[in-house]
file my_file31.cif (mmCIF, C-alpha atoms)
data_coords
#
loop_
_atom_site.group_PDB
_atom_site.id
_atom_site.type_symbol
_atom_site.label_atom_id
_atom_site.label_comp_id
_atom_site.auth_asym_id
_atom_site.auth_seq_id
_atom_site.Cartn_x
_atom_site.Cartn_y
_atom_site.Cartn_z
ATOM 1 C CA MET T 1 11.166 -14.048 -24.728
ATOM 2 C CA LEU T 2 9.627 -16.939 -22.866
ATOM 3 C CA SER T 3 12.446 -17.094 -20.353
ATOM 4 C CA LEU T 4 11.561 -13.560 -19.347
ATOM 5 C CA TRP T 5 8.120 -14.650 -18.179
ATOM 6 C CA ASN T 6 9.695 -17.387 -16.141
ATOM 7 C CA ASP T 7 11.949 -14.922 -14.386
ATOM 8 C CA TRP T 8 8.967 -12.846 -13.450
ATOM 9 C CA SER T 9 6.967 -15.735 -12.152
ATOM 10 C CA GLY T 10 9.450 -15.750 -9.284
ATOM 11 C CA LEU T 11 7.587 -12.770 -7.921
ATOM 12 C CA ARG T 12 6.853 -13.574 -4.334
ATOM 13 C CA ARG T 13 5.647 -12.296 -1.047
ATOM 14 C CA ARG T 14 7.949 -11.547 1.848
ATOM 15 C CA ASP T 15 9.521 -14.694 3.225
ATOM 16 C CA PHE T 16 8.811 -15.620 6.792
ATOM 17 C CA THR T 17 10.836 -18.418 8.268
ATOM 18 C CA GLY T 18 9.998 -20.687 11.174
ATOM 19 C CA GLU T 19 6.794 -22.305 12.357
ATOM 20 C CA PHE T 20 6.261 -19.748 15.060
ATOM 21 C CA SER T 21 6.342 -16.703 12.832
ATOM 22 C CA ARG T 22 4.190 -18.528 10.286
ATOM 23 C CA ALA T 23 1.593 -19.138 12.952
ATOM 24 C CA LEU T 24 1.688 -15.489 13.994
ATOM 25 C CA ARG T 25 1.243 -14.412 10.420
ATOM 26 C CA VAL T 26 -1.809 -16.634 9.998
ATOM 27 C CA LEU T 27 -3.289 -15.120 13.150
ATOM 28 C CA ASP T 28 -2.594 -11.617 11.851
ATOM 29 C CA GLU T 29 -4.345 -12.371 8.598
ATOM 30 C CA LEU T 30 -7.297 -13.892 10.396
ATOM 31 C CA ARG T 31 -7.604 -10.863 12.643
ATOM 32 C CA ASP T 32 -7.495 -8.546 9.628
ATOM 33 C CA GLU T 33 -10.273 -10.525 7.964
ATOM 34 C CA MET T 34 -12.402 -10.415 11.106
ATOM 35 C CA ASP T 35 -11.857 -6.653 11.357
ATOM 36 C CA ARG T 36 -12.998 -6.253 7.804
ATOM 37 C CA ALA T 37 -16.032 -8.470 8.263
ATOM 38 C CA PHE T 38 -17.269 -6.543 11.275
ATOM 39 C CA ALA T 39 -16.454 -3.117 9.890
ATOM 40 C CA TRP T 40 -18.582 -3.750 6.838
ATOM 41 C CA PRO T 41 -22.204 -4.612 7.548
ATOM 42 C CA ASP T 42 -23.038 -5.845 4.049
ATOM 43 C CA ALA T 43 -19.990 -8.060 3.741
ATOM 44 C CA GLY T 44 -21.568 -11.252 4.967
ATOM 45 C CA VAL T 45 -19.208 -14.186 4.926
ATOM 46 C CA GLY T 46 -17.645 -13.764 1.524
ATOM 47 C CA PHE T 47 -15.383 -10.693 2.051
ATOM 48 C CA PRO T 48 -15.988 -9.120 -1.339
ATOM 49 C CA ARG T 49 -12.723 -8.458 -3.095
ATOM 50 C CA ALA T 50 -13.653 -4.900 -3.929
ATOM 51 C CA PHE T 51 -13.779 -4.049 -0.250
ATOM 52 C CA VAL T 52 -10.720 -5.994 0.771
ATOM 53 C CA ASP T 53 -8.770 -3.949 -1.767
ATOM 54 C CA GLY T 54 -10.555 -0.720 -0.955
ATOM 55 C CA PRO T 55 -9.128 2.135 1.040
ATOM 56 C CA ARG T 56 -8.118 1.835 4.664
ATOM 57 C CA PHE T 57 -9.633 4.334 7.093
ATOM 58 C CA GLU T 58 -8.621 5.367 10.593
ATOM 59 C CA LEU T 59 -10.831 7.623 12.686
ATOM 60 C CA SER T 60 -9.359 8.909 15.926
ATOM 61 C CA ASP T 61 -10.258 11.292 18.725
ATOM 62 C CA GLN T 62 -7.493 13.792 19.489
ATOM 63 C CA GLY T 63 -9.401 15.552 22.292
ATOM 64 C CA GLY T 64 -10.037 18.918 20.669
ATOM 65 C CA ALA T 65 -10.647 17.430 17.253
ATOM 66 C CA LEU T 66 -11.511 14.225 15.442
ATOM 67 C CA THR T 67 -9.199 13.116 12.675
ATOM 68 C CA LEU T 68 -9.757 10.731 9.831
ATOM 69 C CA ARG T 69 -6.944 9.275 7.770
ATOM 70 C CA ALA T 70 -7.667 7.435 4.564
ATOM 71 C CA GLU T 71 -5.145 5.673 2.374
ATOM 72 C CA LEU T 72 -6.013 6.612 -1.181
ATOM 73 C CA PRO T 73 -2.938 6.007 -3.313
ATOM 74 C CA GLY T 74 -3.210 7.368 -6.823
ATOM 75 C CA LEU T 75 -6.126 9.674 -6.082
ATOM 76 C CA SER T 76 -5.805 13.440 -6.353
ATOM 77 C CA GLU T 77 -7.748 15.888 -4.183
ATOM 78 C CA LYS T 78 -10.166 16.400 -7.077
ATOM 79 C CA GLU T 79 -11.168 12.729 -7.050
ATOM 80 C CA VAL T 80 -12.242 12.693 -3.416
ATOM 81 C CA ASP T 81 -15.450 14.148 -2.077
ATOM 82 C CA VAL T 82 -15.970 14.823 1.625
ATOM 83 C CA SER T 83 -19.208 15.997 3.206
ATOM 84 C CA ILE T 84 -20.462 16.502 6.734
ATOM 85 C CA ASP T 85 -24.153 16.452 7.570
ATOM 86 C CA ALA T 86 -24.725 16.997 11.290
ATOM 87 C CA ARG T 87 -22.860 14.051 12.794
ATOM 88 C CA THR T 88 -22.413 11.986 9.680
ATOM 89 C CA LEU T 89 -19.179 12.246 7.759
ATOM 90 C CA THR T 90 -19.198 10.832 4.235
ATOM 91 C CA VAL T 91 -16.155 10.224 2.064
ATOM 92 C CA ARG T 92 -16.550 9.253 -1.579
ATOM 93 C CA GLY T 93 -14.144 8.621 -4.375
ATOM 94 C CA GLU T 94 -13.206 6.544 -7.322
ATOM 95 C CA ARG T 95 -9.932 5.096 -8.425
ATOM 96 C CA LYS T 96 -9.345 3.959 -11.950
ATOM 97 C CA VAL T 97 -6.534 1.606 -12.826
ATOM 98 C CA GLU T 98 -5.638 1.460 -16.490
ATOM 99 C CA ALA T 99 -2.667 0.054 -18.322
ATOM 100 C CA PRO T 100 -0.504 2.898 -19.573
ATOM 101 C CA GLU T 101 -0.751 3.570 -23.296
ATOM 102 C CA GLY T 102 1.231 1.104 -25.381
ATOM 103 C CA TYR T 103 1.954 -1.358 -22.551
ATOM 104 C CA SER T 104 0.644 -4.883 -22.148
ATOM 105 C CA VAL T 105 -0.465 -6.181 -18.759
ATOM 106 C CA HIS T 106 1.393 -8.944 -16.906
ATOM 107 C CA ARG T 107 -0.064 -8.589 -13.468
ATOM 108 C CA GLN T 108 -2.704 -6.316 -12.048
ATOM 109 C CA GLU T 109 -3.028 -6.439 -8.284
ATOM 110 C CA ARG T 110 -3.891 -2.791 -7.752
ATOM 111 C CA ALA T 111 -7.663 -2.665 -7.709
ATOM 112 C CA ALA T 112 -9.867 -0.101 -9.298
ATOM 113 C CA TYR T 113 -12.628 0.824 -6.891
ATOM 114 C CA ARG T 114 -15.432 3.182 -6.191
ATOM 115 C CA PHE T 115 -16.126 3.754 -2.536
ATOM 116 C CA GLU T 116 -18.499 5.578 -0.266
ATOM 117 C CA ARG T 117 -17.973 5.358 3.461
ATOM 118 C CA ALA T 118 -20.135 7.061 6.073
ATOM 119 C CA PHE T 119 -19.015 7.525 9.652
ATOM 120 C CA GLU T 120 -21.209 8.410 12.603
ATOM 121 C CA LEU T 121 -19.047 10.919 14.463
ATOM 122 C CA PRO T 122 -18.757 10.444 18.231
ATOM 123 C CA ALA T 123 -19.007 14.219 18.880
ATOM 124 C CA ASN T 124 -20.440 17.367 17.329
ATOM 125 C CA VAL T 125 -17.913 19.094 15.108
ATOM 126 C CA ASP T 126 -17.640 22.567 13.631
ATOM 127 C CA ALA T 127 -17.950 21.786 9.925
ATOM 128 C CA ASP T 128 -16.878 25.321 8.933
ATOM 129 C CA LYS T 129 -13.495 24.780 10.534
ATOM 130 C CA ALA T 130 -12.934 21.327 9.107
ATOM 131 C CA ARG T 131 -9.765 20.898 7.047
ATOM 132 C CA ALA T 132 -8.902 18.271 4.476
ATOM 133 C CA ALA T 133 -5.427 17.662 3.064
ATOM 134 C CA MET T 134 -4.152 15.144 0.555
ATOM 135 C CA LYS T 135 -0.489 14.202 0.716
ATOM 136 C CA ASN T 136 1.378 11.232 -0.766
ATOM 137 C CA GLY T 137 -1.905 9.447 -1.377
ATOM 138 C CA VAL T 138 -3.181 9.869 2.180
ATOM 139 C CA LEU T 139 -6.222 11.999 2.956
ATOM 140 C CA THR T 140 -6.173 13.628 6.399
ATOM 141 C CA LEU T 141 -9.324 15.259 7.718
ATOM 142 C CA THR T 142 -9.233 17.400 10.838
ATOM 143 C CA LEU T 143 -12.634 18.097 12.347
ATOM 144 C CA PRO T 144 -12.495 20.462 15.334
ATOM 145 C CA LYS T 145 -15.131 19.673 17.939
ATOM 146 C CA VAL T 146 -17.644 22.322 18.970
ATOM 147 C CA PRO T 147 -16.477 23.981 22.235
ATOM 148 C CA GLU T 148 -19.081 22.098 24.320
ATOM 149 C CA ALA T 149 -17.758 18.750 23.101
ATOM 150 C CA ARG T 150 -14.106 19.373 23.970
ATOM 151 C CA PRO T 151 -12.641 17.775 27.047
ATOM 152 C CA ARG T 152 -12.440 20.038 30.048
ATOM 153 C CA GLN T 153 -10.080 19.960 32.954
ATOM 154 C CA ILE T 154 -11.857 20.170 36.298
ATOM 155 C CA ALA T 155 -9.806 21.731 39.015
ATOM 156 C CA VAL T 156 -9.906 19.865 42.290
ATOM 157 C CA THR T 157 -9.931 22.115 45.313
ATOM 158 C CA ALA T 158 -9.362 21.115 48.893
ATOM 159 C CA ALA T 159 -12.597 21.139 50.868
ATOM 160 C CA MET M 1 17.930 -28.739 25.233
ATOM 161 C CA ALA M 2 15.367 -26.590 27.011
ATOM 162 C CA LYS M 3 17.797 -23.735 26.761
ATOM 163 C CA ASP M 4 18.083 -24.245 23.007
ATOM 164 C CA ILE M 5 14.340 -24.115 22.564
ATOM 165 C CA ALA M 6 14.108 -20.980 24.663
ATOM 166 C CA ARG M 7 16.778 -19.338 22.591
ATOM 167 C CA THR M 8 15.183 -20.290 19.295
ATOM 168 C CA THR M 9 11.769 -19.107 20.398
ATOM 169 C CA ALA M 10 13.135 -15.823 21.714
ATOM 170 C CA GLY M 11 15.060 -15.292 18.496
ATOM 171 C CA GLU M 12 12.004 -15.772 16.332
ATOM 172 C CA ALA M 13 9.794 -13.761 18.634
ATOM 173 C CA SER M 14 12.135 -10.790 18.429
ATOM 174 C CA GLU M 15 11.943 -11.065 14.675
ATOM 175 C CA THR M 16 8.174 -11.024 14.408
ATOM 176 C CA THR M 17 7.126 -8.765 17.276
ATOM 177 C CA ARG M 18 8.719 -5.755 15.652
ATOM 178 C CA PRO M 19 6.237 -3.012 16.449
ATOM 179 C CA GLY M 20 4.044 -1.569 13.745
ATOM 180 C CA ARG M 21 2.321 -2.951 10.728
ATOM 181 C CA GLU M 22 3.863 -4.763 7.779
ATOM 182 C CA VAL M 23 2.162 -4.491 4.439
ATOM 183 C CA THR M 24 2.659 -6.305 1.164
ATOM 184 C CA PRO M 25 1.658 -3.618 -1.308
ATOM 185 C CA PRO M 26 -0.306 -4.504 -4.435
ATOM 186 C CA VAL M 27 1.773 -4.235 -7.596
ATOM 187 C CA ASP M 28 0.948 -3.990 -11.278
ATOM 188 C CA ILE M 29 3.427 -5.098 -13.916
ATOM 189 C CA TYR M 30 3.297 -3.763 -17.446
ATOM 190 C CA GLU M 31 5.543 -4.236 -20.420
ATOM 191 C CA ASN M 32 6.313 -2.584 -23.713
ATOM 192 C CA GLU M 33 9.133 -3.125 -26.187
ATOM 193 C CA GLN M 34 11.697 -1.147 -24.205
ATOM 194 C CA GLU M 35 10.905 -1.832 -20.571
ATOM 195 C CA LEU M 36 8.982 -3.475 -17.787
ATOM 196 C CA LEU M 37 7.053 -1.089 -15.582
ATOM 197 C CA LEU M 38 6.257 -1.841 -11.936
ATOM 198 C CA VAL M 39 3.519 0.190 -10.270
ATOM 199 C CA ALA M 40 3.065 -0.143 -6.499
ATOM 200 C CA ASP M 41 0.678 1.470 -3.998
ATOM 201 C CA LEU M 42 2.692 3.031 -1.172
ATOM 202 C CA PRO M 43 0.300 5.452 0.557
ATOM 203 C CA GLY M 44 1.980 7.935 2.882
ATOM 204 C CA ILE M 45 5.496 7.168 1.712
ATOM 205 C CA ASP M 46 7.719 10.021 0.544
ATOM 206 C CA ALA M 47 11.013 9.708 -1.323
ATOM 207 C CA GLY M 48 12.980 9.902 1.956
ATOM 208 C CA GLY M 49 11.225 6.834 3.346
ATOM 209 C CA LEU M 50 11.713 4.736 0.255
ATOM 210 C CA ASP M 51 14.502 2.289 -0.423
ATOM 211 C CA ILE M 52 14.893 0.476 -3.738
ATOM 212 C CA LYS M 53 17.728 -1.991 -3.812
ATOM 213 C CA LEU M 54 18.981 -4.186 -6.607
ATOM 214 C CA GLU M 55 21.031 -7.187 -5.577
ATOM 215 C CA PRO M 56 20.805 -9.393 -8.638
ATOM 216 C CA PRO M 57 18.677 -11.316 -9.127
ATOM 217 C CA GLU M 58 16.551 -9.581 -6.481
ATOM 218 C CA LEU M 59 14.960 -6.173 -6.701
ATOM 219 C CA ARG M 60 13.647 -5.086 -3.329
ATOM 220 C CA ILE M 61 11.294 -2.227 -2.576
ATOM 221 C CA GLU M 62 10.912 -1.056 1.003
ATOM 222 C CA GLY M 63 8.914 1.954 2.140
ATOM 223 C CA ARG M 64 8.620 3.101 5.724
ATOM 224 C CA ARG M 65 6.540 5.737 7.458
ATOM 225 C CA GLY M 66 5.738 6.727 11.032
ATOM 226 C CA SER M 67 7.736 5.812 14.100
ATOM 227 C CA ASN M 68 7.740 3.246 16.893
ATOM 228 C CA ASP M 69 4.375 1.516 17.320
ATOM 229 C CA SER M 70 2.808 3.333 14.410
ATOM 230 C CA THR M 71 5.507 2.363 11.914
ATOM 231 C CA VAL M 72 4.130 0.974 8.678
ATOM 232 C CA THR M 73 6.538 -0.925 6.460
ATOM 233 C CA PHE M 74 5.728 -1.794 2.861
ATOM 234 C CA THR M 75 7.959 -4.530 1.444
ATOM 235 C CA ARG M 76 8.020 -6.350 -1.845
ATOM 236 C CA ALA M 77 10.757 -8.307 -3.598
ATOM 237 C CA PHE M 78 11.042 -9.426 -7.191
ATOM 238 C CA ARG M 79 13.382 -11.694 -9.078
ATOM 239 C CA ILE M 80 14.676 -10.076 -12.183
ATOM 240 C CA GLY M 81 16.635 -11.954 -14.778
ATOM 241 C CA GLU M 82 19.341 -11.045 -17.210
ATOM 242 C CA ALA M 83 16.687 -9.612 -19.441
ATOM 243 C CA ILE M 84 16.902 -6.395 -17.421
ATOM 244 C CA ASP M 85 19.741 -3.909 -17.724
ATOM 245 C CA PRO M 86 20.863 -3.261 -14.101
ATOM 246 C CA ASP M 87 21.993 0.264 -15.026
ATOM 247 C CA GLY M 88 18.699 1.079 -16.682
ATOM 248 C CA ILE M 89 16.444 1.215 -13.629
ATOM 249 C CA SER M 90 14.693 4.436 -12.678
ATOM 250 C CA ALA M 91 11.831 5.280 -10.339
ATOM 251 C CA GLU M 92 9.304 8.005 -9.678
ATOM 252 C CA LEU M 93 6.947 8.517 -6.731
ATOM 253 C CA GLY M 94 3.781 10.596 -6.693
ATOM 254 C CA SER M 95 0.425 10.548 -4.836
ATOM 255 C CA GLY M 96 1.529 7.465 -2.928
ATOM 256 C CA VAL M 97 2.145 5.466 -6.110
ATOM 257 C CA LEU M 98 5.612 4.250 -7.067
ATOM 258 C CA LYS M 99 6.604 3.581 -10.669
ATOM 259 C CA VAL M 100 9.792 1.650 -11.391
ATOM 260 C CA HIS M 101 11.030 1.521 -14.954
ATOM 261 C CA LEU M 102 13.176 -1.510 -15.784
ATOM 262 C CA LYS M 103 14.865 -1.152 -19.134
ATOM 263 C CA LYS M 104 15.338 -4.379 -21.057
ATOM 264 C CA SER M 105 18.822 -5.398 -22.073
ATOM 265 C CA ARG M 106 19.694 -4.328 -25.555
ATOM 266 C CA ALA M 107 19.746 -7.893 -26.820
ATOM 267 C CA LEU M 108 16.022 -8.199 -26.105
ATOM 268 C CA GLN M 109 14.902 -4.926 -27.555
ATOM 269 C CA PRO M 110 13.513 -5.082 -31.048
ATOM 270 C CA ARG M 111 15.957 -3.917 -33.645
ATOM 271 C CA LYS M 112 15.372 -2.591 -37.048
ATOM 272 C CA VAL M 113 17.505 -4.035 -39.762
ATOM 273 C CA GLU M 114 18.061 -1.736 -42.632
ATOM 274 C CA VAL M 115 17.991 -3.263 -46.053
ATOM 275 C CA ARG M 116 20.188 -1.582 -48.570
ATOM 276 C CA ALA M 117 19.726 -1.911 -52.259
ATOM 277 C CA ASN M 118 22.725 -3.252 -54.080
#
call {"tool": "encode", "arguments": {"input": "my_file31.cif", "output": "structure tokens"}}
result
Amino acid sequence: MLSLWNDWSGLRRRDFTGEFSRALRVLDELRDEMDRAFAWPDAGVGFPRAFVDGPRFELSDQGGALTLRAELPGLSEKEVDVSIDARTLTVRGERKVEAPEGYSVHRQERAAYRFERAFELPANVDADKARAAMKNGVLTLTLPKVPEARPRQIAVTAA
Amino acid sequence: MAKDIARTTAGEASETTRPGREVTPPVDIYENEQELLLVADLPGIDAGGLDIKLEPPELRIEGRRGSNDSTVTFTRAFRIGEAIDPDGISAELGSGVLKVHLKKSRALQPRKVEVRAN
């Protein structure tokens, strides 16, 4: 049985060849870490593991609506809670990671986490028309802006 | 000489400046008597965007979503030994989580030996 473990220790990350691509990869990682540090006020210098492994969020302005995408693999719609209070959007959830019944654990990289993220929205939205959908482990929120906050086209007339 | 360097640099640049984001997904590995079970987080990937390839001894998982600049590629490769039956691999995908079942070769599975009374 021991040889089996050895086979599995060959588990590895994607190979990158060449000094140049290695350097680029290091820069990418550094940039990701900086992004995380600045996106998370309490993080300090240590980059807590729980956050590094936590969900990834993307808030974007589509003109008529704001959208938020969150990567939440393994969570069902029942395990995510979304609330809007005036201009603050809050997303909460918890992911549990447990070994399936009767299996022993060799490697556990997928983190269990509990998260709560609050976003200050850049525009007033109509909370009654907000929609939330969960598909393939990705939560997509669509928050239509109130009419006054939507972009308007101004016609230019010749003087 | 200068030409060679230019060519090498251009070649590597074209390899790494592929647009989009490349992700190494976290993976759990579990085992019971019959199989090894791989569990990987692949948020946003559906069955159509998933490619699982076995080229012994490598098992490669690649998931892709989005297009052009917003492409996200999840890649992970594993070495699997003779302990795994190449015909006994199956996979299921749900809620952005992939499960790959790797059946052990018969020789490694526990066997029950019946003892008959004489």
call {"tool": "interface_residues", "arguments": {"input": "my_file31.cif", "of": "chain T", "to": "chain M", "cutoff": "6 Å", "atoms": "only C-alpha atoms", "output": "MDAnalysis selection string"}}
result
chainID T and resid 7 10:11 71 73:74 103:110 136:138
call {"tool": "resolve_selection", "arguments": {"input": "my_file31.cif", "expression": "the PyMOL selection byres ((chain M and resi 21) around 8)", "output": "ChimeraX atom specification"}}
result
/M:19-20,22-23,70-73
call {"tool": "resolve_selection", "arguments": {"input": "my_file31.cif", "expression": "the PyMOL selection byres ((chain T and resi 80) around 8)", "output": "JSON, numbers by chain"}}
result
{"T": [75, 76, 77, 78, 79, 81, 82, 91, 92, 93, 94]}
call {"tool": "resolve_selection", "arguments": {"input": "my_file31.cif", "expression": "the PyMOL selection byres ((chain M and resi 88) around 8)", "output": "PyMOL selection string"}}
result
chain M and resi 84-87+89-90+101-104
call {"tool": "atom_distance", "arguments": {"input": "my_file31.cif", "atom1": "atom CA of M:Glu62", "atom2": "atom CA of T:Arg114"}}
result
27.6 Å
call {"tool": "atom_distance", "arguments": {"input": "my_file31.cif", "atom1": "atom CA of T:Phe119", "atom2": "atom CA of T:Asp61"}}
result
13.2 Å
call {"tool": "residues_around", "arguments": {"input": "my_file31.cif", "residues": "T:Ala149", "least_positions_apart": "3", "cutoff": "10 Å", "atoms": "only C-alpha atoms", "output": "list in words"}}
result
Gly63, Gly64, Ala65, Pro122, Ala123, Asn124, Val125, Pro144, Lys145, Val146 and Arg152 of chain T
call {"tool": "atom_distance", "arguments": {"input": "my_file31.cif", "atom1": "atom CA of T:Glu120", "atom2": "atom CA of T:Glu33"}}
result
22.4 Å
call {"tool": "decode", "arguments": {"input": "my_file31.cif", "residues": "stretch 66-80 of chain T", "atoms": "N, CA, C and O atoms", "output": "short mmCIF file (atom, residue, chain, number, x, y, z; two decimals), in the first residue's frame"}}
result
data_model
loop_
_atom_site.label_atom_id
_atom_site.label_comp_id
_atom_site.auth_asym_id
_atom_site.auth_seq_id
_atom_site.Cartn_x
_atom_site.Cartn_y
_atom_site.Cartn_z
N LEU T 66 -26.35 47.21 -11.16
CA LEU T 66 -25.07 46.76 -10.60
C LEU T 66 -25.16 45.24 -10.53
O LEU T 66 -26.22 44.69 -10.25
N THR T 67 -24.05 44.57 -10.79
CA THR T 67 -24.07 43.12 -10.63
C THR T 67 -22.93 42.69 -9.72
O THR T 67 -21.86 43.29 -9.70
N LEU T 68 -23.22 41.66 -8.95
CA LEU T 68 -22.20 41.08 -8.09
C LEU T 68 -22.12 39.59 -8.40
O LEU T 68 -23.13 38.91 -8.47
N ARG T 69 -20.91 39.14 -8.65
CA ARG T 69 -20.69 37.70 -8.85
C ARG T 69 -19.83 37.19 -7.72
O ARG T 69 -18.83 37.80 -7.38
N ALA T 70 -20.23 36.08 -7.15
CA ALA T 70 -19.44 35.49 -6.07
C ALA T 70 -19.23 34.02 -6.37
O ALA T 70 -20.16 33.31 -6.72
N GLU T 71 -17.98 33.58 -6.26
CA GLU T 71 -17.68 32.17 -6.47
C GLU T 71 -17.89 31.42 -5.17
O GLU T 71 -17.14 31.63 -4.21
N LEU T 72 -18.89 30.59 -5.13
CA LEU T 72 -19.22 29.86 -3.91
C LEU T 72 -19.42 28.38 -4.21
O LEU T 72 -20.53 27.86 -4.07
N PRO T 73 -18.36 27.70 -4.64
CA PRO T 73 -18.52 26.30 -5.00
C PRO T 73 -18.95 25.45 -3.81
O PRO T 73 -18.43 25.61 -2.72
N GLY T 74 -19.93 24.59 -4.05
CA GLY T 74 -20.39 23.69 -3.02
C GLY T 74 -21.51 24.24 -2.16
O GLY T 74 -22.08 23.53 -1.35
N LEU T 75 -21.84 25.53 -2.35
CA LEU T 75 -22.93 26.10 -1.57
C LEU T 75 -24.22 26.07 -2.38
O LEU T 75 -24.21 26.29 -3.59
N SER T 76 -25.33 25.78 -1.70
CA SER T 76 -26.62 25.82 -2.38
C SER T 76 -27.24 27.18 -2.07
O SER T 76 -26.76 27.92 -1.21
N GLU T 77 -28.34 27.50 -2.77
CA GLU T 77 -28.97 28.81 -2.56
C GLU T 77 -29.44 28.98 -1.11
O GLU T 77 -29.51 30.09 -0.60
N LYS T 78 -29.71 27.85 -0.45
CA LYS T 78 -30.21 27.94 0.93
C LYS T 78 -29.10 28.33 1.91
O LYS T 78 -29.37 28.77 3.01
N GLU T 79 -27.85 28.15 1.49
CA GLU T 79 -26.73 28.42 2.41
C GLU T 79 -26.14 29.82 2.24
O GLU T 79 -25.11 30.13 2.81
N VAL T 80 -26.81 30.62 1.40
CA VAL T 80 -26.33 31.98 1.17
C VAL T 80 -27.42 32.96 1.55
O VAL T 80 -28.60 32.74 1.26
#
